[in-house]
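Novice: Quick one: this structure, given as structure tokens, is what I'll be asking you about.
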Amino acid sequence: MPTTAHRVSTGERINAHDRPGRLQEALARRGVRLTRQRKILLQVMDNAERHLDAGAILDRAQKLDPHVHRVTVYRTLDMLKRNGLIDELDLLHLRGDQHFYESRGPRDHIHVAFLKCGTVREFESPLYEKLKKQIEKDCGIGITTARTEVGGYCKKSRPK
């Protein structure tokens, strides 16, 4: 049961719709040229309520502008990754070898994968932040990226 000490997503994304336009603002501050197609892709990423693969991003973008090209999706995803604005995830390969993308939220979180049904939820906790600080101290590293995935079976699906 969630407490005020931690948050668990009710859907896939815990930080969905946190700040629409955040990706566009960050790139504008960096002086990155924002074409119409890039702006549409950023809008799709900012508004994603679940983890999207490149194909889903393209499908959503083409509903807004049918002229968005697949190559633009991949180039934009690469540029966003290089700028540290999105993460690329495999989500324990629950859905095959697909990779999924999410915009970075204000806090790091853990991806919790339900292995039988394929549901993915997000979990954040001060304990995770404390663990990262301990890792920084013990390993002498300044953590800039943290991705953690755990998988298991819910009570209904647990093997007997």
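Going by the structure tokens order, chains are called A, B, ..., each with residues numbered from 1, while ligands are numbered from 1 in the order shown.
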Please provide as a short mmCIF file (atom, residue, chain, number, x, y, z; two decimals) with N, CA and C atoms, in the first residue's frame all residues within 12 Å of Arg107 (chain A), with the sequence filter that same-chain residues fewer than 5 positions apart are discarded (counting only C-alpha atoms).
Specialist:
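Below is the file part.cif, written as the result:
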```
data_model
loop_
_atom_site.label_atom_id
_atom_site.label_comp_id
_atom_site.auth_asym_id
_atom_site.auth_seq_id
_atom_site.Cartn_x
_atom_site.Cartn_y
_atom_site.Cartn_z
N HIS A 6 6.49 7.13 -0.44
CA HIS A 6 6.81 6.72 -1.81
C HIS A 6 5.57 6.82 -2.69
N ARG A 7 5.82 6.77 -4.01
CA ARG A 7 4.71 6.83 -4.97
C ARG A 7 4.80 5.66 -5.92
N ILE A 14 4.60 7.38 -13.85
CA ILE A 14 4.35 8.09 -12.61
C ILE A 14 4.37 9.61 -12.83
N ASN A 15 5.19 10.05 -13.78
CA ASN A 15 5.36 11.49 -14.00
C ASN A 15 4.70 11.97 -15.29
N ASP A 18 3.59 15.75 -16.20
CA ASP A 18 4.15 16.60 -15.15
C ASP A 18 4.27 18.05 -15.61
N GLU A 122 5.63 2.19 -12.33
CA GLU A 122 6.79 2.91 -11.83
C GLU A 122 6.65 3.12 -10.33
N PHE A 123 7.79 3.09 -9.65
CA PHE A 123 7.84 3.22 -8.20
C PHE A 123 8.97 4.16 -7.84
N GLU A 124 8.69 5.12 -6.99
CA GLU A 124 9.77 6.00 -6.50
C GLU A 124 9.69 6.08 -5.00
N SER A 125 10.87 6.23 -4.38
CA SER A 125 10.95 6.20 -2.92
C SER A 125 12.20 6.94 -2.45
N PRO A 126 12.12 7.56 -1.29
CA PRO A 126 13.32 8.15 -0.70
C PRO A 126 14.40 7.10 -0.43
N TYR A 128 15.27 4.74 -2.44
CA TYR A 128 16.03 4.63 -3.69
C TYR A 128 17.04 5.77 -3.78
N GLU A 129 16.62 6.96 -3.41
CA GLU A 129 17.53 8.11 -3.40
C GLU A 129 18.67 7.87 -2.40
N LYS A 132 21.16 5.44 -3.89
CA LYS A 132 22.02 6.09 -4.89
C LYS A 132 23.12 6.90 -4.20
N THR A 144 24.66 10.23 -12.65
CA THR A 144 23.86 11.08 -13.53
C THR A 144 22.70 10.31 -14.15
N THR A 145 22.82 8.99 -14.17
CA THR A 145 21.78 8.14 -14.73
C THR A 145 21.58 6.94 -13.83
N ALA A 146 20.33 6.64 -13.52
CA ALA A 146 20.01 5.45 -12.73
C ALA A 146 18.79 4.79 -13.34
N ARG A 147 18.95 3.55 -13.76
CA ARG A 147 17.83 2.79 -14.31
C ARG A 147 17.77 1.46 -13.58
#
```
Novice: Give me, as a VMD selection string, all polymer residues having an atom no more than 10 Å from Gly84 (chain A), counting only C-alpha atoms and skipping those fewer than 3 positions away in the same chain.
Specialist: chain A and resid 78 to 81 87 103 to 104 144 to 145
Novice: Between A:Glu25, A:His67, A:Gly105, A:Glu88, which is the closest to Ala54 (chain A) once you count only C-alpha atoms?
Specialist: A:Glu88
Novice: Rank nothing, just name the residue among A:Val150, A:Arg70, A:Val32, A:Lys39 nearest to Ile57 (chain A), using only C-alpha atoms.
Specialist: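 Smallest distance to Ile57 (chain A) is found for A:Arg70.
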Novice: Go through A:Arg30, A:Lys137, A:Lys116, A:His109 one by one, measure the shortest atom-to-atom distance of each to Leu94 (chain A) using only C-alpha atoms, and give the residue with the smallest value.
Specialist: A:Lys116
Novice: Give me, as an MDAnalysis selection string, the residues of chain A that a backbone DSSP run labels helix (DSSP H, G or I).
Specialist: chainID A and resid 22:29 36:46 54:64 70:82 91:93 126:139
Novice: Quick one, how far is CA of Asp53 (chain A) from CA of Arg36 (chain A)?
Specialist: 20.7 Å
Novice: Please return, as JSON, numbers by chain, all residues of region 8-140 of chain A that DSSP assigns to strand (DSSP E or B) on the basis of the backbone.
Specialist: {"A": [8, 52, 53, 86, 87, 88, 89, 100, 101, 102, 103, 110, 111, 112, 113, 114, 120, 121, 122, 123, 124]}
Novice: Go through A:Leu115, A:Leu41, A:Leu85, A:Ala26 and flag the residue nearest Glu102 (chain A), using only C-alpha atoms for the distances.
Specialist: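 Selected residue with least distance to Glu102 (chain A): A:Leu85.
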